[in-house]
Amino acid sequence: MDVEALRTFVSVAETGQFQAAADELGISQQAVSKRIAALERHVGVVLLVRTSRGSRLNLDGQIFLPHARKVLAAVEQAKRAVRPGSRPLRVDVLNRRISPAQAVYRFYRSRPGTDLDAVTLSQENAVQAAQAVLEGTIDASFRALPADQVPAGISTERLLDAPLELLVGPGHPLAKAPRVRPTDLAGHRVWIPGIRPGTEWAAFYQALSQAFGLSIDALGPNFGDEALMDALADSASLATLVGGGDRYLWPRAHDLRRIPLHDPTPVYPHLLLFRSGDRHPVLTALRDHLRTAGPGAVHDAWAPDWVNG
């Protein structure tokens, strides 16, 4: 059913004149007549009685009018639902412990009451996350998406580089170092359970291993962060890597050490993925915030050469 024909019918019903309806809608009287005729053909009944004084609703028109108004109200409600800024911005932050979640939280604290939803979707990889953005399941996602895998209709902006840190127990040979170079990790076992083949983080750690001669593995089941912290605390040889802005908790007795990496500093490049041309005001504000209030650039940063931006 033609929505504009419905709108025209309601206008004629309320004004009682084809010309008045034409003036209200900004169209010609002939266009009004054509729309009403098309609507009456569509519903199969006459809705208006034409007289020398104007038009009035017949019985079918009186019955039809409230339904037409409901349809027009629903159409307007649907438009408002997708109008930029009329609904919360839905952002995928991957994991509530890591840098993207912390960055979005700082943004929210700088603008209390901002209408946004921080979610963690179980997308297997960056390409699937980009597709979710494209389909409208989410408005934006933080992912390390290779430049040649960015689908049409998706824009990316590199706004959040997370410097990596070494996390070890008190008995590890590097536990007392104030900072270490990536090459210093050669020969040490770096355990990062849960890396799934085909994901962007698997590609990132493979590139990191190749660049600095590291032994990074994901052997064994992933029993969660707490189990990993327990293993590090009890081991004199095991280490893992975490983002500098990640927030992990462990018992005080574990005495785990976070040690910055430098010369160079490997960074995990969280690109913000969003639909090209998306004009949601909260998305614009988030991007502006990350550009100006996000972590500063790392002067000796290293990232894989396949990273966009």
# chains A, B, ... in the order shown; residues from 1 in each chain; ligands from 1
call {"tool": "residues_around", "arguments": {"residues": "region 17-22 of chain A", "least_positions_apart": "3", "cutoff": "7 Å", "atoms": "only C-alpha atoms", "output": "PDB file with N, CA, C and O atoms, in the first residue's frame"}}
result
ATOM      1  N   THR A   8      -2.173  11.222   1.890  1.00  0.00           N
ATOM      2  CA  THR A   8      -3.059  12.109   1.141  1.00  0.00           C
ATOM      3  C   THR A   8      -4.511  11.906   1.554  1.00  0.00           C
ATOM      4  O   THR A   8      -5.267  12.875   1.728  1.00  0.00           O
ATOM      5  N   SER A  11      -5.103  13.543   4.857  1.00  0.00           N
ATOM      6  CA  SER A  11      -5.147  15.006   4.702  1.00  0.00           C
ATOM      7  C   SER A  11      -6.484  15.463   4.130  1.00  0.00           C
ATOM      8  O   SER A  11      -7.070  16.448   4.594  1.00  0.00           O
ATOM      9  N   VAL A  12      -6.988  14.753   3.122  1.00  0.00           N
ATOM     10  CA  VAL A  12      -8.293  15.103   2.551  1.00  0.00           C
ATOM     11  C   VAL A  12      -9.391  14.932   3.591  1.00  0.00           C
ATOM     12  O   VAL A  12     -10.297  15.761   3.714  1.00  0.00           O
ATOM     13  N   LEU A  25       0.204  19.300   1.397  1.00  0.00           N
ATOM     14  CA  LEU A  25       1.227  18.320   1.007  1.00  0.00           C
ATOM     15  C   LEU A  25       2.227  18.866   0.006  1.00  0.00           C
ATOM     16  O   LEU A  25       3.229  18.213  -0.294  1.00  0.00           O
ATOM     17  N   GLY A  26       1.953  20.027  -0.538  1.00  0.00           N
ATOM     18  CA  GLY A  26       2.862  20.618  -1.513  1.00  0.00           C
ATOM     19  C   GLY A  26       2.831  19.939  -2.862  1.00  0.00           C
ATOM     20  O   GLY A  26       3.853  19.859  -3.550  1.00  0.00           O
ATOM     21  N   ILE A  27       1.663  19.446  -3.254  1.00  0.00           N
ATOM     22  CA  ILE A  27       1.503  18.803  -4.563  1.00  0.00           C
ATOM     23  C   ILE A  27       0.301  19.427  -5.264  1.00  0.00           C
ATOM     24  O   ILE A  27      -0.402  20.272  -4.702  1.00  0.00           O
ATOM     25  N   SER A  28       0.052  19.000  -6.488  1.00  0.00           N
ATOM     26  CA  SER A  28      -1.076  19.553  -7.231  1.00  0.00           C
ATOM     27  C   SER A  28      -2.371  18.850  -6.849  1.00  0.00           C
ATOM     28  O   SER A  28      -2.370  17.730  -6.332  1.00  0.00           O
ATOM     29  N   GLN A  29      -3.501  19.510  -7.154  1.00  0.00           N
ATOM     30  CA  GLN A  29      -4.809  18.897  -6.886  1.00  0.00           C
ATOM     31  C   GLN A  29      -4.980  17.646  -7.741  1.00  0.00           C
ATOM     32  O   GLN A  29      -5.583  16.663  -7.299  1.00  0.00           O
ATOM     33  N   VAL A  32      -3.369  14.803  -6.019  1.00  0.00           N
ATOM     34  CA  VAL A  32      -4.206  14.326  -4.921  1.00  0.00           C
ATOM     35  C   VAL A  32      -5.278  13.387  -5.448  1.00  0.00           C
ATOM     36  O   VAL A  32      -5.512  12.305  -4.898  1.00  0.00           O
ATOM     37  N   GLY A  54     -16.879  20.008  -1.612  1.00  0.00           N
ATOM     38  CA  GLY A  54     -15.628  19.373  -1.203  1.00  0.00           C
ATOM     39  C   GLY A  54     -15.779  17.876  -1.146  1.00  0.00           C
ATOM     40  O   GLY A  54     -16.450  17.279  -1.992  1.00  0.00           O
ATOM     41  N   SER A  55     -15.208  17.252  -0.133  1.00  0.00           N
ATOM     42  CA  SER A  55     -15.253  15.798   0.019  1.00  0.00           C
ATOM     43  C   SER A  55     -15.526  15.446   1.479  1.00  0.00           C
ATOM     44  O   SER A  55     -15.124  16.166   2.395  1.00  0.00           O
TER      45      SER A  55
END
call {"tool": "select_by_dssp", "arguments": {"residues": "region 82-190 of chain A", "states": "strand (DSSP E or B)", "output": "PDB file with N, CA and C atoms, in the first residue's frame"}}
result
ATOM      1  N   LEU A  89      24.078   3.992  20.592  1.00  0.00           N
ATOM      2  CA  LEU A  89      25.155   3.466  19.766  1.00  0.00           C
ATOM      3  C   LEU A  89      25.581   2.130  20.349  1.00  0.00           C
ATOM      4  N   ARG A  90      25.610   1.096  19.516  1.00  0.00           N
ATOM      5  CA  ARG A  90      25.925  -0.261  19.971  1.00  0.00           C
ATOM      6  C   ARG A  90      27.354  -0.603  19.544  1.00  0.00           C
ATOM      7  N   VAL A  91      28.265  -0.702  20.520  1.00  0.00           N
ATOM      8  CA  VAL A  91      29.689  -0.895  20.237  1.00  0.00           C
ATOM      9  C   VAL A  91      30.160  -2.232  20.788  1.00  0.00           C
ATOM     10  N   ASP A  92      30.797  -3.017  19.941  1.00  0.00           N
ATOM     11  CA  ASP A  92      31.389  -4.292  20.348  1.00  0.00           C
ATOM     12  C   ASP A  92      32.792  -4.013  20.895  1.00  0.00           C
ATOM     13  N   LEU A 116      24.639   4.835  24.852  1.00  0.00           N
ATOM     14  CA  LEU A 116      25.392   3.807  24.144  1.00  0.00           C
ATOM     15  C   LEU A 116      25.280   2.478  24.874  1.00  0.00           C
ATOM     16  N   ASP A 117      25.489   1.402  24.129  1.00  0.00           N
ATOM     17  CA  ASP A 117      25.527   0.047  24.669  1.00  0.00           C
ATOM     18  C   ASP A 117      26.887  -0.550  24.341  1.00  0.00           C
ATOM     19  N   ALA A 118      27.622  -0.985  25.357  1.00  0.00           N
ATOM     20  CA  ALA A 118      28.886  -1.695  25.147  1.00  0.00           C
ATOM     21  C   ALA A 118      28.591  -3.179  25.243  1.00  0.00           C
ATOM     22  N   VAL A 119      28.843  -3.906  24.170  1.00  0.00           N
ATOM     23  CA  VAL A 119      28.494  -5.324  24.110  1.00  0.00           C
ATOM     24  C   VAL A 119      29.737  -6.126  23.765  1.00  0.00           C
ATOM     25  N   ALA A 140      29.543  -0.496  15.647  1.00  0.00           N
ATOM     26  CA  ALA A 140      30.989  -0.387  15.547  1.00  0.00           C
ATOM     27  C   ALA A 140      31.629  -1.530  16.318  1.00  0.00           C
ATOM     28  N   SER A 141      32.888  -1.842  15.957  1.00  0.00           N
ATOM     29  CA  SER A 141      33.635  -2.891  16.642  1.00  0.00           C
ATOM     30  C   SER A 141      35.114  -2.554  16.601  1.00  0.00           C
ATOM     31  N   PHE A 142      35.840  -2.968  17.621  1.00  0.00           N
ATOM     32  CA  PHE A 142      37.295  -2.781  17.662  1.00  0.00           C
ATOM     33  C   PHE A 142      37.946  -4.087  17.207  1.00  0.00           C
ATOM     34  N   ARG A 143      38.633  -4.043  16.076  1.00  0.00           N
ATOM     35  CA  ARG A 143      39.264  -5.243  15.527  1.00  0.00           C
ATOM     36  C   ARG A 143      40.550  -4.888  14.789  1.00  0.00           C
ATOM     37  N   PRO A 146      42.918  -6.883   8.675  1.00  0.00           N
ATOM     38  CA  PRO A 146      43.859  -6.643   7.575  1.00  0.00           C
ATOM     39  C   PRO A 146      43.241  -5.765   6.491  1.00  0.00           C
ATOM     40  N   ILE A 154      32.428  -0.631   4.657  1.00  0.00           N
ATOM     41  CA  ILE A 154      33.002  -0.519   6.001  1.00  0.00           C
ATOM     42  C   ILE A 154      34.184   0.434   5.966  1.00  0.00           C
ATOM     43  N   SER A 155      34.220   1.348   6.925  1.00  0.00           N
ATOM     44  CA  SER A 155      35.364   2.229   7.106  1.00  0.00           C
ATOM     45  C   SER A 155      36.115   1.822   8.368  1.00  0.00           C
ATOM     46  N   THR A 156      37.413   2.054   8.388  1.00  0.00           N
ATOM     47  CA  THR A 156      38.222   1.735   9.559  1.00  0.00           C
ATOM     48  C   THR A 156      39.046   2.946   9.951  1.00  0.00           C
ATOM     49  N   GLU A 157      39.311   3.070  11.241  1.00  0.00           N
ATOM     50  CA  GLU A 157      40.172   4.134  11.735  1.00  0.00           C
ATOM     51  C   GLU A 157      41.006   3.569  12.881  1.00  0.00           C
ATOM     52  N   ARG A 158      42.312   3.705  12.744  1.00  0.00           N
ATOM     53  CA  ARG A 158      43.218   3.178  13.763  1.00  0.00           C
ATOM     54  C   ARG A 158      43.306   4.190  14.902  1.00  0.00           C
ATOM     55  N   LEU A 159      42.596   3.905  15.986  1.00  0.00           N
ATOM     56  CA  LEU A 159      42.445   4.867  17.078  1.00  0.00           C
ATOM     57  C   LEU A 159      42.953   4.352  18.413  1.00  0.00           C
ATOM     58  N   LEU A 160      43.297   3.068  18.497  1.00  0.00           N
ATOM     59  CA  LEU A 160      43.611   2.507  19.806  1.00  0.00           C
ATOM     60  C   LEU A 160      44.706   1.450  19.677  1.00  0.00           C
ATOM     61  N   ASP A 161      45.958   1.861  19.814  1.00  0.00           N
ATOM     62  CA  ASP A 161      47.075   0.924  19.856  1.00  0.00           C
ATOM     63  C   ASP A 161      47.343   0.539  21.303  1.00  0.00           C
ATOM     64  N   ALA A 162      47.299  -0.764  21.596  1.00  0.00           N
ATOM     65  CA  ALA A 162      47.513  -1.239  22.964  1.00  0.00           C
ATOM     66  C   ALA A 162      48.919  -1.807  23.086  1.00  0.00           C
ATOM     67  N   PRO A 163      49.845  -1.119  23.793  1.00  0.00           N
ATOM     68  CA  PRO A 163      51.201  -1.655  23.974  1.00  0.00           C
ATOM     69  C   PRO A 163      51.155  -2.969  24.749  1.00  0.00           C
ATOM     70  N   LEU A 164      51.956  -3.930  24.335  1.00  0.00           N
ATOM     71  CA  LEU A 164      51.981  -5.218  25.019  1.00  0.00           C
ATOM     72  C   LEU A 164      52.913  -5.167  26.224  1.00  0.00           C
ATOM     73  N   GLU A 165      52.556  -5.926  27.249  1.00  0.00           N
ATOM     74  CA  GLU A 165      53.382  -6.088  28.436  1.00  0.00           C
ATOM     75  C   GLU A 165      53.568  -7.569  28.713  1.00  0.00           C
ATOM     76  N   LEU A 166      54.702  -7.897  29.301  1.00  0.00           N
ATOM     77  CA  LEU A 166      54.974  -9.262  29.719  1.00  0.00           C
ATOM     78  C   LEU A 166      54.388  -9.463  31.109  1.00  0.00           C
ATOM     79  N   LEU A 167      53.711 -10.574  31.323  1.00  0.00           N
ATOM     80  CA  LEU A 167      53.153 -10.902  32.634  1.00  0.00           C
ATOM     81  C   LEU A 167      53.776 -12.211  33.100  1.00  0.00           C
ATOM     82  N   VAL A 168      54.459 -12.162  34.250  1.00  0.00           N
ATOM     83  CA  VAL A 168      55.166 -13.342  34.754  1.00  0.00           C
ATOM     84  C   VAL A 168      54.969 -13.456  36.261  1.00  0.00           C
ATOM     85  N   VAL A 180      61.684  -5.011  29.205  1.00  0.00           N
ATOM     86  CA  VAL A 180      62.430  -5.960  28.389  1.00  0.00           C
ATOM     87  C   VAL A 180      62.158  -5.697  26.910  1.00  0.00           C
ATOM     88  N   ARG A 189      59.160 -19.512  27.156  1.00  0.00           N
ATOM     89  CA  ARG A 189      57.851 -19.965  26.692  1.00  0.00           C
ATOM     90  C   ARG A 189      56.804 -18.908  27.015  1.00  0.00           C
ATOM     91  N   VAL A 190      56.185 -18.380  25.962  1.00  0.00           N
ATOM     92  CA  VAL A 190      55.097 -17.413  26.110  1.00  0.00           C
ATOM     93  C   VAL A 190      53.799 -18.150  25.798  1.00  0.00           C
TER      94      VAL A 190
END
call {"tool": "residues_around", "arguments": {"residues": "Gly294 (chain A)", "least_positions_apart": "5", "cutoff": "10 Å", "atoms": "only C-alpha atoms", "output": "ChimeraX atom specification"}}
result
/A:103-104,106-107,159-161,287-289
call {"tool": "residues_around", "arguments": {"residues": "Val127 (chain A)", "least_positions_apart": "6", "cutoff": "10 Å", "atoms": "only C-alpha atoms", "output": "JSON, numbers by chain"}}
result
{"A": [133, 143, 144, 145, 146, 149, 150, 151, 199, 200]}
call {"tool": "closest_atom_pairs", "arguments": {"of": "region 269-307 of chain A", "to": "region 242-263 of chain A", "cutoff": "10 Å", "atoms": "only C-alpha atoms", "output": "JSON lines"}}
result
{"residue": "A:Pro295", "atom": "CA", "partner": "A:Gly245", "partner_atom": "CA", "distance": 9.2}
{"residue": "A:Val298", "atom": "CA", "partner": "A:His262", "partner_atom": "CA", "distance": 9.7}
{"residue": "A:His299", "atom": "CA", "partner": "A:Asp263", "partner_atom": "CA", "distance": 9.6}
{"residue": "A:Asp300", "atom": "CA", "partner": "A:Asp263", "partner_atom": "CA", "distance": 6.3}
{"residue": "A:Ala301", "atom": "CA", "partner": "A:Asp263", "partner_atom": "CA", "distance": 8.2}
{"residue": "A:Trp302", "atom": "CA", "partner": "A:Asp263", "partner_atom": "CA", "distance": 9.0}
call {"tool": "closest_residue", "arguments": {"among": "A:Pro182, A:Pro66, A:Gly224, A:Pro197", "to": "Glu14 (chain A)", "atoms": "only C-alpha atoms"}}
result
A:Pro66
call {"tool": "atom_distance", "arguments": {"atom1": "CA of Leu290 (chain A)", "atom2": "CA of Tyr268 (chain A)"}}
result
15.6 Å
call {"tool": "atom_distance", "arguments": {"atom1": "CA of Ala211 (chain A)", "atom2": "CA of Pro269 (chain A)"}}
result
16.1 Å
call {"tool": "select_by_dssp", "arguments": {"residues": "region 31-141 of chain A", "states": "helix (DSSP H, G or I)", "output": "NGL selection string"}}
result
:A and (31-43 or 59-82 or 99-110 or 126-135)
call {"tool": "decode", "arguments": {"residues": "region 176-226 of chain A", "atoms": "N, CA and C atoms", "output": "PDB file, in the first residue's frame"}}
result
ATOM      1  N   LYS A 176      62.291  -9.385  37.680  1.00  0.00           N
ATOM      2  CA  LYS A 176      62.800  -8.160  38.296  1.00  0.00           C
ATOM      3  C   LYS A 176      63.234  -7.112  37.271  1.00  0.00           C
ATOM      4  N   ALA A 177      63.056  -7.408  35.982  1.00  0.00           N
ATOM      5  CA  ALA A 177      63.470  -6.454  34.954  1.00  0.00           C
ATOM      6  C   ALA A 177      62.476  -5.296  34.908  1.00  0.00           C
ATOM      7  N   PRO A 178      62.941  -4.038  34.839  1.00  0.00           N
ATOM      8  CA  PRO A 178      62.018  -2.899  34.746  1.00  0.00           C
ATOM      9  C   PRO A 178      61.310  -2.857  33.401  1.00  0.00           C
ATOM     10  N   ARG A 179      61.956  -3.347  32.380  1.00  0.00           N
ATOM     11  CA  ARG A 179      61.369  -3.499  31.046  1.00  0.00           C
ATOM     12  C   ARG A 179      62.264  -4.420  30.234  1.00  0.00           C
ATOM     13  N   VAL A 180      61.684  -5.011  29.205  1.00  0.00           N
ATOM     14  CA  VAL A 180      62.430  -5.960  28.389  1.00  0.00           C
ATOM     15  C   VAL A 180      62.158  -5.697  26.910  1.00  0.00           C
ATOM     16  N   ARG A 181      63.085  -6.124  26.077  1.00  0.00           N
ATOM     17  CA  ARG A 181      62.902  -6.026  24.637  1.00  0.00           C
ATOM     18  C   ARG A 181      62.230  -7.310  24.138  1.00  0.00           C
ATOM     19  N   PRO A 182      61.502  -7.234  23.050  1.00  0.00           N
ATOM     20  CA  PRO A 182      60.896  -8.459  22.516  1.00  0.00           C
ATOM     21  C   PRO A 182      61.920  -9.553  22.254  1.00  0.00           C
ATOM     22  N   THR A 183      63.103  -9.175  21.787  1.00  0.00           N
ATOM     23  CA  THR A 183      64.128 -10.180  21.509  1.00  0.00           C
ATOM     24  C   THR A 183      64.619 -10.870  22.781  1.00  0.00           C
ATOM     25  N   ASP A 184      64.447 -10.221  23.959  1.00  0.00           N
ATOM     26  CA  ASP A 184      64.835 -10.848  25.221  1.00  0.00           C
ATOM     27  C   ASP A 184      63.955 -12.047  25.553  1.00  0.00           C
ATOM     28  N   LEU A 185      62.816 -12.149  24.890  1.00  0.00           N
ATOM     29  CA  LEU A 185      61.883 -13.241  25.172  1.00  0.00           C
ATOM     30  C   LEU A 185      62.216 -14.508  24.398  1.00  0.00           C
ATOM     31  N   ALA A 186      63.163 -14.422  23.467  1.00  0.00           N
ATOM     32  CA  ALA A 186      63.562 -15.607  22.705  1.00  0.00           C
ATOM     33  C   ALA A 186      64.073 -16.670  23.670  1.00  0.00           C
ATOM     34  N   GLY A 187      63.565 -17.871  23.527  1.00  0.00           N
ATOM     35  CA  GLY A 187      63.956 -18.961  24.406  1.00  0.00           C
ATOM     36  C   GLY A 187      63.042 -19.132  25.603  1.00  0.00           C
ATOM     37  N   HIS A 188      62.204 -18.153  25.887  1.00  0.00           N
ATOM     38  CA  HIS A 188      61.227 -18.276  26.972  1.00  0.00           C
ATOM     39  C   HIS A 188      59.887 -18.736  26.391  1.00  0.00           C
ATOM     40  N   ARG A 189      59.160 -19.512  27.156  1.00  0.00           N
ATOM     41  CA  ARG A 189      57.851 -19.965  26.692  1.00  0.00           C
ATOM     42  C   ARG A 189      56.804 -18.908  27.015  1.00  0.00           C
ATOM     43  N   VAL A 190      56.185 -18.380  25.962  1.00  0.00           N
ATOM     44  CA  VAL A 190      55.097 -17.413  26.110  1.00  0.00           C
ATOM     45  C   VAL A 190      53.799 -18.150  25.798  1.00  0.00           C
ATOM     46  N   TRP A 191      52.963 -18.294  26.809  1.00  0.00           N
ATOM     47  CA  TRP A 191      51.737 -19.092  26.672  1.00  0.00           C
ATOM     48  C   TRP A 191      50.529 -18.166  26.608  1.00  0.00           C
ATOM     49  N   ILE A 192      49.772 -18.256  25.514  1.00  0.00           N
ATOM     50  CA  ILE A 192      48.554 -17.465  25.343  1.00  0.00           C
ATOM     51  C   ILE A 192      47.434 -18.429  24.959  1.00  0.00           C
ATOM     52  N   PRO A 193      46.804 -19.056  25.935  1.00  0.00           N
ATOM     53  CA  PRO A 193      45.756 -20.031  25.620  1.00  0.00           C
ATOM     54  C   PRO A 193      44.543 -19.368  24.991  1.00  0.00           C
ATOM     55  N   GLY A 194      43.866 -20.110  24.146  1.00  0.00           N
ATOM     56  CA  GLY A 194      42.624 -19.611  23.563  1.00  0.00           C
ATOM     57  C   GLY A 194      42.785 -18.977  22.195  1.00  0.00           C
ATOM     58  N   ILE A 195      44.006 -18.928  21.655  1.00  0.00           N
ATOM     59  CA  ILE A 195      44.173 -18.388  20.304  1.00  0.00           C
ATOM     60  C   ILE A 195      43.552 -19.363  19.316  1.00  0.00           C
ATOM     61  N   ARG A 196      42.608 -18.886  18.529  1.00  0.00           N
ATOM     62  CA  ARG A 196      41.933 -19.748  17.558  1.00  0.00           C
ATOM     63  C   ARG A 196      42.485 -19.496  16.164  1.00  0.00           C
ATOM     64  N   PRO A 197      42.818 -20.553  15.442  1.00  0.00           N
ATOM     65  CA  PRO A 197      43.321 -20.388  14.071  1.00  0.00           C
ATOM     66  C   PRO A 197      42.318 -19.618  13.210  1.00  0.00           C
ATOM     67  N   GLY A 198      42.835 -18.782  12.336  1.00  0.00           N
ATOM     68  CA  GLY A 198      41.976 -18.039  11.435  1.00  0.00           C
ATOM     69  C   GLY A 198      41.491 -16.717  11.986  1.00  0.00           C
ATOM     70  N   THR A 199      41.851 -16.399  13.227  1.00  0.00           N
ATOM     71  CA  THR A 199      41.450 -15.121  13.816  1.00  0.00           C
ATOM     72  C   THR A 199      42.557 -14.095  13.624  1.00  0.00           C
ATOM     73  N   GLU A 200      42.186 -12.835  13.766  1.00  0.00           N
ATOM     74  CA  GLU A 200      43.179 -11.782  13.587  1.00  0.00           C
ATOM     75  C   GLU A 200      44.236 -11.807  14.674  1.00  0.00           C
ATOM     76  N   TRP A 201      43.876 -12.228  15.896  1.00  0.00           N
ATOM     77  CA  TRP A 201      44.888 -12.269  16.954  1.00  0.00           C
ATOM     78  C   TRP A 201      45.861 -13.429  16.737  1.00  0.00           C
ATOM     79  N   ALA A 202      45.387 -14.515  16.100  1.00  0.00           N
ATOM     80  CA  ALA A 202      46.318 -15.587  15.739  1.00  0.00           C
ATOM     81  C   ALA A 202      47.330 -15.073  14.716  1.00  0.00           C
ATOM     82  N   ALA A 203      46.841 -14.305  13.739  1.00  0.00           N
ATOM     83  CA  ALA A 203      47.740 -13.724  12.731  1.00  0.00           C
ATOM     84  C   ALA A 203      48.699 -12.734  13.372  1.00  0.00           C
ATOM     85  N   PHE A 204      48.205 -11.955  14.351  1.00  0.00           N
ATOM     86  CA  PHE A 204      49.061 -10.974  15.028  1.00  0.00           C
ATOM     87  C   PHE A 204      50.201 -11.670  15.766  1.00  0.00           C
ATOM     88  N   TYR A 205      49.883 -12.701  16.560  1.00  0.00           N
ATOM     89  CA  TYR A 205      50.925 -13.357  17.343  1.00  0.00           C
ATOM     90  C   TYR A 205      51.876 -14.173  16.461  1.00  0.00           C
ATOM     91  N   GLN A 206      51.379 -14.664  15.341  1.00  0.00           N
ATOM     92  CA  GLN A 206      52.276 -15.336  14.410  1.00  0.00           C
ATOM     93  C   GLN A 206      53.286 -14.341  13.833  1.00  0.00           C
ATOM     94  N   ALA A 207      52.800 -13.161  13.458  1.00  0.00           N
ATOM     95  CA  ALA A 207      53.699 -12.125  12.933  1.00  0.00           C
ATOM     96  C   ALA A 207      54.695 -11.687  14.003  1.00  0.00           C
ATOM     97  N   LEU A 208      54.237 -11.566  15.248  1.00  0.00           N
ATOM     98  CA  LEU A 208      55.117 -11.175  16.347  1.00  0.00           C
ATOM     99  C   LEU A 208      56.201 -12.222  16.562  1.00  0.00           C
ATOM    100  N   SER A 209      55.812 -13.485  16.530  1.00  0.00           N
ATOM    101  CA  SER A 209      56.782 -14.571  16.709  1.00  0.00           C
ATOM    102  C   SER A 209      57.846 -14.549  15.626  1.00  0.00           C
ATOM    103  N   GLN A 210      57.400 -14.371  14.385  1.00  0.00           N
ATOM    104  CA  GLN A 210      58.338 -14.377  13.271  1.00  0.00           C
ATOM    105  C   GLN A 210      59.263 -13.169  13.303  1.00  0.00           C
ATOM    106  N   ALA A 211      58.751 -12.037  13.734  1.00  0.00           N
ATOM    107  CA  ALA A 211      59.557 -10.808  13.734  1.00  0.00           C
ATOM    108  C   ALA A 211      60.655 -10.835  14.783  1.00  0.00           C
ATOM    109  N   PHE A 212      60.422 -11.502  15.929  1.00  0.00           N
ATOM    110  CA  PHE A 212      61.383 -11.425  17.025  1.00  0.00           C
ATOM    111  C   PHE A 212      61.884 -12.792  17.490  1.00  0.00           C
ATOM    112  N   GLY A 213      61.548 -13.854  16.731  1.00  0.00           N
ATOM    113  CA  GLY A 213      62.043 -15.184  17.062  1.00  0.00           C
ATOM    114  C   GLY A 213      61.498 -15.725  18.372  1.00  0.00           C
ATOM    115  N   LEU A 214      60.216 -15.475  18.634  1.00  0.00           N
ATOM    116  CA  LEU A 214      59.613 -15.894  19.889  1.00  0.00           C
ATOM    117  C   LEU A 214      58.938 -17.252  19.759  1.00  0.00           C
ATOM    118  N   SER A 215      58.743 -17.866  20.913  1.00  0.00           N
ATOM    119  CA  SER A 215      57.990 -19.116  20.976  1.00  0.00           C
ATOM    120  C   SER A 215      56.677 -18.832  21.687  1.00  0.00           C
ATOM    121  N   ILE A 216      55.640 -18.590  20.890  1.00  0.00           N
ATOM    122  CA  ILE A 216      54.314 -18.309  21.439  1.00  0.00           C
ATOM    123  C   ILE A 216      53.410 -19.481  21.110  1.00  0.00           C
ATOM    124  N   ASP A 217      52.782 -20.057  22.124  1.00  0.00           N
ATOM    125  CA  ASP A 217      51.899 -21.193  21.845  1.00  0.00           C
ATOM    126  C   ASP A 217      50.584 -21.044  22.585  1.00  0.00           C
ATOM    127  N   ALA A 218      49.614 -21.802  22.127  1.00  0.00           N
ATOM    128  CA  ALA A 218      48.281 -21.807  22.736  1.00  0.00           C
ATOM    129  C   ALA A 218      47.902 -23.242  23.107  1.00  0.00           C
ATOM    130  N   LEU A 219      48.902 -24.030  23.470  1.00  0.00           N
ATOM    131  CA  LEU A 219      48.663 -25.437  23.771  1.00  0.00           C
ATOM    132  C   LEU A 219      47.805 -25.600  25.019  1.00  0.00           C
ATOM    133  N   GLY A 220      46.983 -26.633  24.993  1.00  0.00           N
ATOM    134  CA  GLY A 220      46.159 -26.931  26.148  1.00  0.00           C
ATOM    135  C   GLY A 220      44.851 -26.163  26.140  1.00  0.00           C
ATOM    136  N   PRO A 221      43.892 -26.616  26.928  1.00  0.00           N
ATOM    137  CA  PRO A 221      42.587 -25.929  26.985  1.00  0.00           C
ATOM    138  C   PRO A 221      42.692 -24.595  27.701  1.00  0.00           C
ATOM    139  N   ASN A 222      41.785 -23.693  27.352  1.00  0.00           N
ATOM    140  CA  ASN A 222      41.717 -22.382  27.991  1.00  0.00           C
ATOM    141  C   ASN A 222      40.691 -22.449  29.115  1.00  0.00           C
ATOM    142  N   PHE A 223      41.177 -22.462  30.360  1.00  0.00           N
ATOM    143  CA  PHE A 223      40.281 -22.540  31.513  1.00  0.00           C
ATOM    144  C   PHE A 223      39.942 -21.172  32.082  1.00  0.00           C
ATOM    145  N   GLY A 224      40.320 -20.100  31.369  1.00  0.00           N
ATOM    146  CA  GLY A 224      39.967 -18.766  31.819  1.00  0.00           C
ATOM    147  C   GLY A 224      41.133 -18.016  32.429  1.00  0.00           C
ATOM    148  N   ASP A 225      40.891 -16.724  32.699  1.00  0.00           N
ATOM    149  CA  ASP A 225      41.954 -15.848  33.201  1.00  0.00           C
ATOM    150  C   ASP A 225      42.478 -16.299  34.554  1.00  0.00           C
ATOM    151  N   GLU A 226      41.587 -16.732  35.446  1.00  0.00           N
ATOM    152  CA  GLU A 226      42.023 -17.106  36.781  1.00  0.00           C
ATOM    153  C   GLU A 226      42.990 -18.278  36.741  1.00  0.00           C
TER     154      GLU A 226
END
